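Undergrad: Pasting in a structure now, in structure tokens, and then I'll have a few things to ask.
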Amino acid sequence: MPRPVDRLARFPRPIAIVHGDGSLGPVASLDGDAVDDEPWAIEATYQKSGRPCLVIRTVRSSRDMNPRGLPVEDASIQMVNFLARADRPLGHGLTAPSRASSRTGFDQVRVAVNGAAVQEVEVAIDGEGVRGTRMDALDAAVVELAWHGQAVFVTGWPDALQTLALRAATPADVAHL
Amino acid sequence: MNGDTVKYHYSGRSLVLRATVAAVAAVAVMAGITGTSGAATSTGEADAPPVGKVVEVVMNAVGYNPDVATANGYEVRTRPDGTQYSVKRGTPAEVIPMDVVPGNCGRSWMWLDGIGGRSVRINTGFHVRDAVSTFSWTATLSDTGGTTKHDFPGFYDADGYVDLNRIVGGLSVGYARATIYGFPFQNFAVLVDGTVCYSGGPSDDAYIT
């Protein structure tokens with residue numbers, strides 16, 4: 001398993017994390033995913049009470065990749081995956097989803113996200129304003145930004161996004177992981 | 001499997017595994033490898049209509065990662081017969097858990113749905129008997145146009161319940177199959193007590209339109 005600092009070094013462009021310590025504390029985990037062994041995205045997760053409260057997912061540009069079989073990254077899939085981690089009741093039980101419940105859960109989120117109002121927002125990254133969109137649904141929010149040719153999705157509970165400012169991560173930011 | 005949910009119980013953290021020292025050593029090496037994945041490269045299997053899909057299967061505990069165990073306050077010990085077990089650090093040496101449950105450490109699943117637009121939705125994951133320190137999880141997706149591998153981020157999960165979703169686009173019309181290959185492919189969860197728990201190889205099929 002690659003160390004977070006190595007994962008960060010292997011990613012082709014900078015990845016975004018929260019600027020300043022604030023109430024979120026340091027990055028709780030830095031994980032990545034890949035397509036055909038090529039780094040595809042990195043997620044910086046912040047936690048409260050042992051649960052994710054904010055996930056910042058930096059998705060690389062697909063310009064230099066074969067478009068066949070690439071993941072589709074949008075607000076819906078960010079919300080589905082965030083809620084799957086953060087909104088699970090304690091003592092959820094050891095029961096896998098059935099096909100029906102798997103589909104239903106996904107469709108409910110997609111309908112809620114597609115029906116939500118989209119606001120224009122501006123978020124500071126490395127001190128510069130970056131324009132993007134914000135969508136609130138199901139008691140959570142997703143902010144989508146374009147940065148260095150990459151997509152940055154910030155997904156979390158609204159209180160964790162209240163004073164959102166980001167910056168590029170450095171190895172020192174993940175050295176504790 | 002018909003997709004019905006399955007309920008079961010575990011005996012707790014003191015689970016004993018009948019893993020040989022050799023198997024444990026092999027797993028320790030594999031689990032420590034960085035950035036590689038042993039997913040299959042077959043491209044022909046998606047050409048035929050699907051048969052015998054298995055969407056939810058038992059996971060197999062194959063060994064321990066002592067580094068993870070140590071980091072979480074556990075200790076991996078070896079019995080005279082070569083089997084290993086994990087206990088809280090400081091547990092007296094004479095206390096050897098005997099509730100032997102070979103192999104089974106959780107369940108994993110795979111659901112693949114065609115959603116139109118030459119795209120599919122992958123829903124995969126697992127639930128295991130303890131919190132997850134990290135995991136390595138790669139869905140191998142074969143359609144009539146070829147095979148792509150999709151790694152998921154291996155985050156910590158306090159409940160031992162990991163539910164992963166991905167939409168994949170740009171595929172070819174026809175049958176497709178997604179699989180989380182089992183041991184020795186590197187699809188496993190490392191539990192906080194160091195147990196390395198491998199996918200049992202769930203697989204599902206869909207038709208891409």
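Following the order of the structure tokens, chains are lettered A, B, ..., residues in each are numbered from 1, and ligands are numbered from 1.
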For Glu73 of chain A, find every residue with an atom within 12 Å (counting only C-alpha atoms), except residues of its own chain fewer than 3 positions away, and show them as a VMD selection string.
TA: (chain A and resid 40 to 41 57 to 62 70 76 to 81 144 150 to 153) or (chain B and resid 121 165 to 169)
Undergrad: Find the residues near Ala61 of chain B: any atom within 7 Å, counting only C-alpha atoms, skip ones fewer than 2 places away on the same chain, and give them as a ChimeraX atom specification.
TA: /B:59,63,103-105,195-198
Undergrad: Produce a file of the selected residues containing N, CA and C atoms, as a short mmCIF file (atom, residue, chain, number, x, y, z; two decimals), in the first residue's frame.
TA:
```
data_model
loop_
_atom_site.label_atom_id
_atom_site.label_comp_id
_atom_site.auth_asym_id
_atom_site.auth_seq_id
_atom_site.Cartn_x
_atom_site.Cartn_y
_atom_site.Cartn_z
N MET B 59 -15.53 -13.60 2.61
CA MET B 59 -14.13 -13.19 2.49
C MET B 59 -13.26 -14.13 3.31
N GLY B 63 -3.99 -14.08 6.61
CA GLY B 63 -2.82 -13.83 7.43
C GLY B 63 -2.95 -12.52 8.18
N GLY B 103 -10.70 -18.93 8.22
CA GLY B 103 -11.01 -18.30 6.95
C GLY B 103 -12.00 -17.16 6.98
N ASN B 104 -13.18 -17.40 7.40
CA ASN B 104 -14.25 -16.42 7.22
C ASN B 104 -14.03 -15.17 8.06
N CYS B 105 -13.92 -14.03 7.42
CA CYS B 105 -13.74 -12.79 8.16
C CYS B 105 -14.70 -11.71 7.70
N THR B 195 -5.47 -8.44 10.84
CA THR B 195 -5.96 -9.49 9.95
C THR B 195 -6.04 -8.98 8.51
N VAL B 196 -5.51 -9.76 7.59
CA VAL B 196 -5.61 -9.43 6.17
C VAL B 196 -6.72 -10.31 5.59
N CYS B 197 -7.79 -9.65 5.18
CA CYS B 197 -9.05 -10.33 4.85
C CYS B 197 -9.30 -10.14 3.34
N TYR B 198 -9.21 -11.22 2.61
CA TYR B 198 -9.28 -11.15 1.15
C TYR B 198 -10.70 -11.30 0.61
#
```
Undergrad: Output as an MDAnalysis selection string the set of chain A residues within 6 Å of chain B, with distances taken over only C-alpha atoms.
TA: chainID A and resid 1:2 31:36 68:72 94 96 98
Undergrad: Any chance you could list, as an mmCIF file with N, CA and C atoms, in the first residue's frame, the residues in segment 43-196 of chain B that come up strand (DSSP E) when DSSP is run on the backbone?
TA:
```cif
data_model
loop_
_atom_site.group_PDB
_atom_site.id
_atom_site.type_symbol
_atom_site.label_atom_id
_atom_site.label_comp_id
_atom_site.auth_asym_id
_atom_site.auth_seq_id
_atom_site.Cartn_x
_atom_site.Cartn_y
_atom_site.Cartn_z
ATOM 1 N N GLU B 56 -22.405 -11.951 -3.993
ATOM 2 C CA GLU B 56 -22.060 -11.739 -2.591
ATOM 3 C C GLU B 56 -21.402 -12.994 -2.052
ATOM 4 N N VAL B 57 -20.189 -12.872 -1.580
ATOM 5 C CA VAL B 57 -19.444 -14.060 -1.170
ATOM 6 C C VAL B 57 -18.655 -13.799 0.115
ATOM 7 N N VAL B 58 -18.297 -14.905 0.755
ATOM 8 C CA VAL B 58 -17.513 -14.847 1.986
ATOM 9 C C VAL B 58 -16.100 -14.359 1.686
ATOM 10 N N MET B 59 -15.528 -13.600 2.608
ATOM 11 C CA MET B 59 -14.130 -13.192 2.486
ATOM 12 C C MET B 59 -13.257 -14.135 3.306
ATOM 13 N N ASN B 60 -11.993 -14.177 2.963
ATOM 14 C CA ASN B 60 -11.094 -15.137 3.600
ATOM 15 C C ASN B 60 -9.938 -14.441 4.303
ATOM 16 N N ALA B 61 -9.773 -14.756 5.579
ATOM 17 C CA ALA B 61 -8.620 -14.249 6.322
ATOM 18 C C ALA B 61 -7.435 -15.146 6.021
ATOM 19 N N VAL B 62 -6.403 -14.559 5.466
ATOM 20 C CA VAL B 62 -5.274 -15.356 4.999
ATOM 21 C C VAL B 62 -4.031 -15.137 5.845
ATOM 22 N N GLY B 63 -3.990 -14.078 6.615
ATOM 23 C CA GLY B 63 -2.816 -13.829 7.433
ATOM 24 C C GLY B 63 -2.950 -12.517 8.179
ATOM 25 N N TYR B 64 -1.811 -12.001 8.629
ATOM 26 C CA TYR B 64 -1.810 -10.776 9.422
ATOM 27 C C TYR B 64 -0.779 -9.798 8.886
ATOM 28 N N TYR B 74 -2.373 -4.004 18.946
ATOM 29 C CA TYR B 74 -2.489 -5.470 18.931
ATOM 30 C C TYR B 74 -1.103 -6.090 18.740
ATOM 31 N N GLU B 75 -1.070 -7.379 18.924
ATOM 32 C CA GLU B 75 0.173 -8.115 18.779
ATOM 33 C C GLU B 75 -0.148 -9.436 18.086
ATOM 34 N N VAL B 76 0.625 -9.740 17.058
ATOM 35 C CA VAL B 76 0.436 -11.006 16.342
ATOM 36 C C VAL B 76 1.374 -12.044 16.945
ATOM 37 N N ARG B 77 0.804 -13.138 17.385
ATOM 38 C CA ARG B 77 1.602 -14.203 18.001
ATOM 39 C C ARG B 77 1.443 -15.501 17.213
ATOM 40 N N THR B 78 2.413 -16.383 17.412
ATOM 41 C CA THR B 78 2.413 -17.666 16.695
ATOM 42 C C THR B 78 2.379 -18.817 17.686
ATOM 43 N N GLN B 84 -1.299 -18.485 13.595
ATOM 44 C CA GLN B 84 -1.129 -17.175 14.212
ATOM 45 C C GLN B 84 -2.454 -16.642 14.753
ATOM 46 N N TYR B 85 -2.343 -15.694 15.644
ATOM 47 C CA TYR B 85 -3.516 -15.038 16.184
ATOM 48 C C TYR B 85 -3.115 -13.641 16.622
ATOM 49 N N SER B 86 -4.109 -12.773 16.752
ATOM 50 C CA SER B 86 -3.860 -11.391 17.133
ATOM 51 C C SER B 86 -4.578 -11.107 18.437
ATOM 52 N N VAL B 87 -3.864 -10.504 19.371
ATOM 53 C CA VAL B 87 -4.460 -10.163 20.667
ATOM 54 C C VAL B 87 -4.047 -8.746 21.049
ATOM 55 N N LYS B 88 -4.774 -8.163 21.955
ATOM 56 C CA LYS B 88 -4.391 -6.860 22.486
ATOM 57 C C LYS B 88 -2.996 -6.960 23.095
ATOM 58 N N ASN B 104 -13.183 -17.401 7.405
ATOM 59 C CA ASN B 104 -14.248 -16.422 7.219
ATOM 60 C C ASN B 104 -14.028 -15.168 8.064
ATOM 61 N N CYS B 105 -13.918 -14.029 7.417
ATOM 62 C CA CYS B 105 -13.737 -12.794 8.162
ATOM 63 C C CYS B 105 -14.696 -11.707 7.696
ATOM 64 N N GLY B 106 -15.578 -12.008 6.764
ATOM 65 C CA GLY B 106 -16.530 -11.001 6.321
ATOM 66 C C GLY B 106 -17.185 -11.414 5.023
ATOM 67 N N ARG B 107 -17.877 -10.462 4.418
ATOM 68 C CA ARG B 107 -18.520 -10.730 3.124
ATOM 69 C C ARG B 107 -18.251 -9.552 2.195
ATOM 70 N N SER B 108 -18.164 -9.859 0.929
ATOM 71 C CA SER B 108 -17.956 -8.799 -0.057
ATOM 72 C C SER B 108 -19.018 -8.930 -1.141
ATOM 73 N N TRP B 109 -19.268 -7.833 -1.820
ATOM 74 C CA TRP B 109 -20.301 -7.879 -2.850
ATOM 75 C C TRP B 109 -19.904 -7.058 -4.074
ATOM 76 N N MET B 110 -20.602 -7.335 -5.139
ATOM 77 C CA MET B 110 -20.448 -6.575 -6.378
ATOM 78 C C MET B 110 -21.798 -6.498 -7.066
ATOM 79 N N TRP B 111 -22.231 -5.291 -7.361
ATOM 80 C CA TRP B 111 -23.412 -5.082 -8.196
ATOM 81 C C TRP B 111 -22.992 -4.252 -9.392
ATOM 82 N N LEU B 112 -23.393 -4.695 -10.561
ATOM 83 C CA LEU B 112 -23.081 -3.956 -11.784
ATOM 84 C C LEU B 112 -24.386 -3.676 -12.504
ATOM 85 N N ASP B 113 -24.657 -2.422 -12.793
ATOM 86 C CA ASP B 113 -25.886 -2.034 -13.473
ATOM 87 C C ASP B 113 -25.558 -1.218 -14.711
ATOM 88 N N GLY B 114 -26.145 -1.608 -15.826
ATOM 89 C CA GLY B 114 -26.082 -0.754 -17.001
ATOM 90 C C GLY B 114 -27.041 0.414 -16.812
ATOM 91 N N ILE B 115 -26.582 1.626 -17.062
ATOM 92 C CA ILE B 115 -27.430 2.797 -16.815
ATOM 93 C C ILE B 115 -27.645 3.615 -18.080
ATOM 94 N N GLY B 116 -27.346 3.019 -19.241
ATOM 95 C CA GLY B 116 -27.519 3.747 -20.489
ATOM 96 C C GLY B 116 -26.325 4.636 -20.790
ATOM 97 N N SER B 119 -22.690 3.399 -20.256
ATOM 98 C CA SER B 119 -22.117 3.538 -18.916
ATOM 99 C C SER B 119 -22.668 2.464 -17.986
ATOM 100 N N VAL B 120 -21.929 2.214 -16.943
ATOM 101 C CA VAL B 120 -22.387 1.292 -15.897
ATOM 102 C C VAL B 120 -22.186 1.945 -14.542
ATOM 103 N N ARG B 121 -22.932 1.449 -13.586
ATOM 104 C CA ARG B 121 -22.685 1.815 -12.189
ATOM 105 C C ARG B 121 -22.139 0.590 -11.482
ATOM 106 N N ILE B 122 -21.010 0.765 -10.840
ATOM 107 C CA ILE B 122 -20.426 -0.282 -10.004
ATOM 108 C C ILE B 122 -20.761 0.042 -8.558
ATOM 109 N N ASN B 123 -21.338 -0.909 -7.865
ATOM 110 C CA ASN B 123 -21.490 -0.790 -6.405
ATOM 111 C C ASN B 123 -20.837 -2.029 -5.806
ATOM 112 N N THR B 124 -19.763 -1.814 -5.097
ATOM 113 C CA THR B 124 -19.055 -2.927 -4.480
ATOM 114 C C THR B 124 -18.673 -2.543 -3.058
ATOM 115 N N GLY B 125 -18.258 -3.514 -2.309
ATOM 116 C CA GLY B 125 -17.852 -3.231 -0.944
ATOM 117 C C GLY B 125 -17.754 -4.497 -0.136
ATOM 118 N N PHE B 126 -17.644 -4.316 1.151
ATOM 119 C CA PHE B 126 -17.506 -5.466 2.035
ATOM 120 C C PHE B 126 -17.878 -5.054 3.449
ATOM 121 N N HIS B 127 -18.209 -6.033 4.245
ATOM 122 C CA HIS B 127 -18.333 -5.808 5.683
ATOM 123 C C HIS B 127 -17.564 -6.891 6.384
ATOM 124 N N VAL B 128 -16.789 -6.495 7.340
ATOM 125 C CA VAL B 128 -15.876 -7.403 8.024
ATOM 126 C C VAL B 128 -16.092 -7.302 9.529
ATOM 127 N N VAL B 132 -11.777 -1.250 9.870
ATOM 128 C CA VAL B 132 -10.837 -1.412 8.758
ATOM 129 C C VAL B 132 -9.760 -0.338 8.861
ATOM 130 N N SER B 133 -8.507 -0.769 8.913
ATOM 131 C CA SER B 133 -7.403 0.184 8.920
ATOM 132 C C SER B 133 -7.180 0.751 7.527
ATOM 133 N N THR B 134 -7.174 -0.113 6.551
ATOM 134 C CA THR B 134 -7.037 0.301 5.156
ATOM 135 C C THR B 134 -7.495 -0.862 4.281
ATOM 136 N N PHE B 135 -7.602 -0.623 2.991
ATOM 137 C CA PHE B 135 -7.960 -1.722 2.101
ATOM 138 C C PHE B 135 -7.441 -1.460 0.697
ATOM 139 N N SER B 136 -7.326 -2.516 -0.043
ATOM 140 C CA SER B 136 -6.947 -2.453 -1.461
ATOM 141 C C SER B 136 -8.063 -3.143 -2.219
ATOM 142 N N TRP B 137 -8.702 -2.437 -3.145
ATOM 143 C CA TRP B 137 -9.935 -2.965 -3.747
ATOM 144 C C TRP B 137 -9.999 -2.519 -5.201
ATOM 145 N N THR B 138 -9.900 -3.464 -6.104
ATOM 146 C CA THR B 138 -9.880 -3.150 -7.524
ATOM 147 C C THR B 138 -10.981 -3.912 -8.249
ATOM 148 N N ALA B 139 -11.866 -3.178 -8.894
ATOM 149 C CA ALA B 139 -12.887 -3.802 -9.737
ATOM 150 C C ALA B 139 -12.318 -3.948 -11.140
ATOM 151 N N THR B 140 -12.369 -5.162 -11.645
ATOM 152 C CA THR B 140 -11.936 -5.415 -13.022
ATOM 153 C C THR B 140 -13.181 -5.491 -13.889
ATOM 154 N N LEU B 141 -13.283 -4.563 -14.815
ATOM 155 C CA LEU B 141 -14.488 -4.426 -15.630
ATOM 156 C C LEU B 141 -14.164 -4.824 -17.066
ATOM 157 N N SER B 142 -14.806 -5.903 -17.508
ATOM 158 C CA SER B 142 -14.587 -6.373 -18.876
ATOM 159 C C SER B 142 -15.860 -6.174 -19.682
ATOM 160 N N ASP B 143 -15.745 -5.495 -20.790
ATOM 161 C CA ASP B 143 -16.870 -5.360 -21.702
ATOM 162 C C ASP B 143 -16.392 -5.774 -23.086
ATOM 163 N N GLY B 146 -12.956 -4.378 -24.168
ATOM 164 C CA GLY B 146 -11.705 -4.584 -23.443
ATOM 165 C C GLY B 146 -11.914 -4.604 -21.947
ATOM 166 N N THR B 147 -10.840 -4.409 -21.220
ATOM 167 C CA THR B 147 -10.873 -4.492 -19.759
ATOM 168 C C THR B 147 -10.262 -3.238 -19.156
ATOM 169 N N THR B 148 -10.916 -2.711 -18.140
ATOM 170 C CA THR B 148 -10.327 -1.620 -17.368
ATOM 171 C C THR B 148 -10.346 -2.006 -15.894
ATOM 172 N N LYS B 149 -9.364 -1.504 -15.156
ATOM 173 C CA LYS B 149 -9.266 -1.783 -13.729
ATOM 174 C C LYS B 149 -9.528 -0.501 -12.954
ATOM 175 N N HIS B 150 -10.321 -0.624 -11.921
ATOM 176 C CA HIS B 150 -10.714 0.546 -11.147
ATOM 177 C C HIS B 150 -10.366 0.336 -9.677
ATOM 178 N N ASP B 151 -9.348 1.068 -9.218
ATOM 179 C CA ASP B 151 -8.963 1.012 -7.807
ATOM 180 C C ASP B 151 -9.785 2.021 -7.025
ATOM 181 N N PHE B 152 -10.144 1.644 -5.823
ATOM 182 C CA PHE B 152 -10.891 2.548 -4.952
ATOM 183 C C PHE B 152 -9.994 3.027 -3.816
ATOM 184 N N TYR B 161 -17.489 -1.485 7.519
ATOM 185 C CA TYR B 161 -18.511 -1.574 6.469
ATOM 186 C C TYR B 161 -18.157 -0.556 5.392
ATOM 187 N N VAL B 162 -17.736 -1.022 4.250
ATOM 188 C CA VAL B 162 -17.267 -0.137 3.186
ATOM 189 C C VAL B 162 -18.158 -0.324 1.959
ATOM 190 N N ASP B 163 -18.731 0.774 1.504
ATOM 191 C CA ASP B 163 -19.697 0.770 0.399
ATOM 192 C C ASP B 163 -19.169 1.744 -0.657
ATOM 193 N N LEU B 164 -18.816 1.240 -1.825
ATOM 194 C CA LEU B 164 -18.130 2.033 -2.848
ATOM 195 C C LEU B 164 -18.959 2.090 -4.120
ATOM 196 N N ASN B 165 -19.025 3.260 -4.709
ATOM 197 C CA ASN B 165 -19.815 3.445 -5.931
ATOM 198 C C ASN B 165 -18.968 4.139 -6.982
ATOM 199 N N ARG B 166 -19.162 3.741 -8.208
ATOM 200 C CA ARG B 166 -18.482 4.428 -9.301
ATOM 201 C C ARG B 166 -19.321 4.302 -10.569
ATOM 202 N N ILE B 167 -19.364 5.389 -11.317
ATOM 203 C CA ILE B 167 -19.943 5.364 -12.662
ATOM 204 C C ILE B 167 -18.782 5.285 -13.644
ATOM 205 N N VAL B 168 -18.880 4.379 -14.587
ATOM 206 C CA VAL B 168 -17.843 4.242 -15.608
ATOM 207 C C VAL B 168 -18.489 4.436 -16.971
ATOM 208 N N GLY B 174 -23.020 -4.154 -25.204
ATOM 209 C CA GLY B 174 -22.932 -5.605 -25.077
ATOM 210 C C GLY B 174 -22.811 -6.017 -23.625
ATOM 211 N N TYR B 175 -22.504 -7.275 -23.432
ATOM 212 C CA TYR B 175 -22.390 -7.781 -22.074
ATOM 213 C C TYR B 175 -21.107 -7.290 -21.417
ATOM 214 N N ALA B 176 -21.200 -7.101 -20.117
ATOM 215 C CA ALA B 176 -20.033 -6.692 -19.341
ATOM 216 C C ALA B 176 -20.032 -7.461 -18.029
ATOM 217 N N ARG B 177 -18.871 -7.603 -17.471
ATOM 218 C CA ARG B 177 -18.752 -8.267 -16.175
ATOM 219 C C ARG B 177 -17.759 -7.502 -15.316
ATOM 220 N N ALA B 178 -18.110 -7.341 -14.062
ATOM 221 C CA ALA B 178 -17.191 -6.719 -13.103
ATOM 222 C C ALA B 178 -16.911 -7.712 -11.987
ATOM 223 N N THR B 179 -15.664 -7.791 -11.588
ATOM 224 C CA THR B 179 -15.230 -8.780 -10.595
ATOM 225 C C THR B 179 -14.249 -8.141 -9.620
ATOM 226 N N PHE B 188 -8.137 -6.808 -0.677
ATOM 227 C CA PHE B 188 -8.196 -7.213 0.717
ATOM 228 C C PHE B 188 -8.439 -6.010 1.611
ATOM 229 N N ALA B 189 -8.945 -6.294 2.788
ATOM 230 C CA ALA B 189 -9.047 -5.284 3.842
ATOM 231 C C ALA B 189 -8.075 -5.674 4.949
ATOM 232 N N VAL B 190 -7.397 -4.679 5.502
ATOM 233 C CA VAL B 190 -6.548 -4.934 6.657
ATOM 234 C C VAL B 190 -7.297 -4.409 7.877
ATOM 235 N N LEU B 191 -7.681 -5.298 8.752
ATOM 236 C CA LEU B 191 -8.445 -4.908 9.931
ATOM 237 C C LEU B 191 -7.503 -4.333 10.986
ATOM 238 N N THR B 195 -5.471 -8.440 10.839
ATOM 239 C CA THR B 195 -5.956 -9.486 9.946
ATOM 240 C C THR B 195 -6.037 -8.978 8.512
ATOM 241 N N VAL B 196 -5.505 -9.758 7.594
ATOM 242 C CA VAL B 196 -5.611 -9.431 6.167
ATOM 243 C C VAL B 196 -6.724 -10.308 5.591
#
```
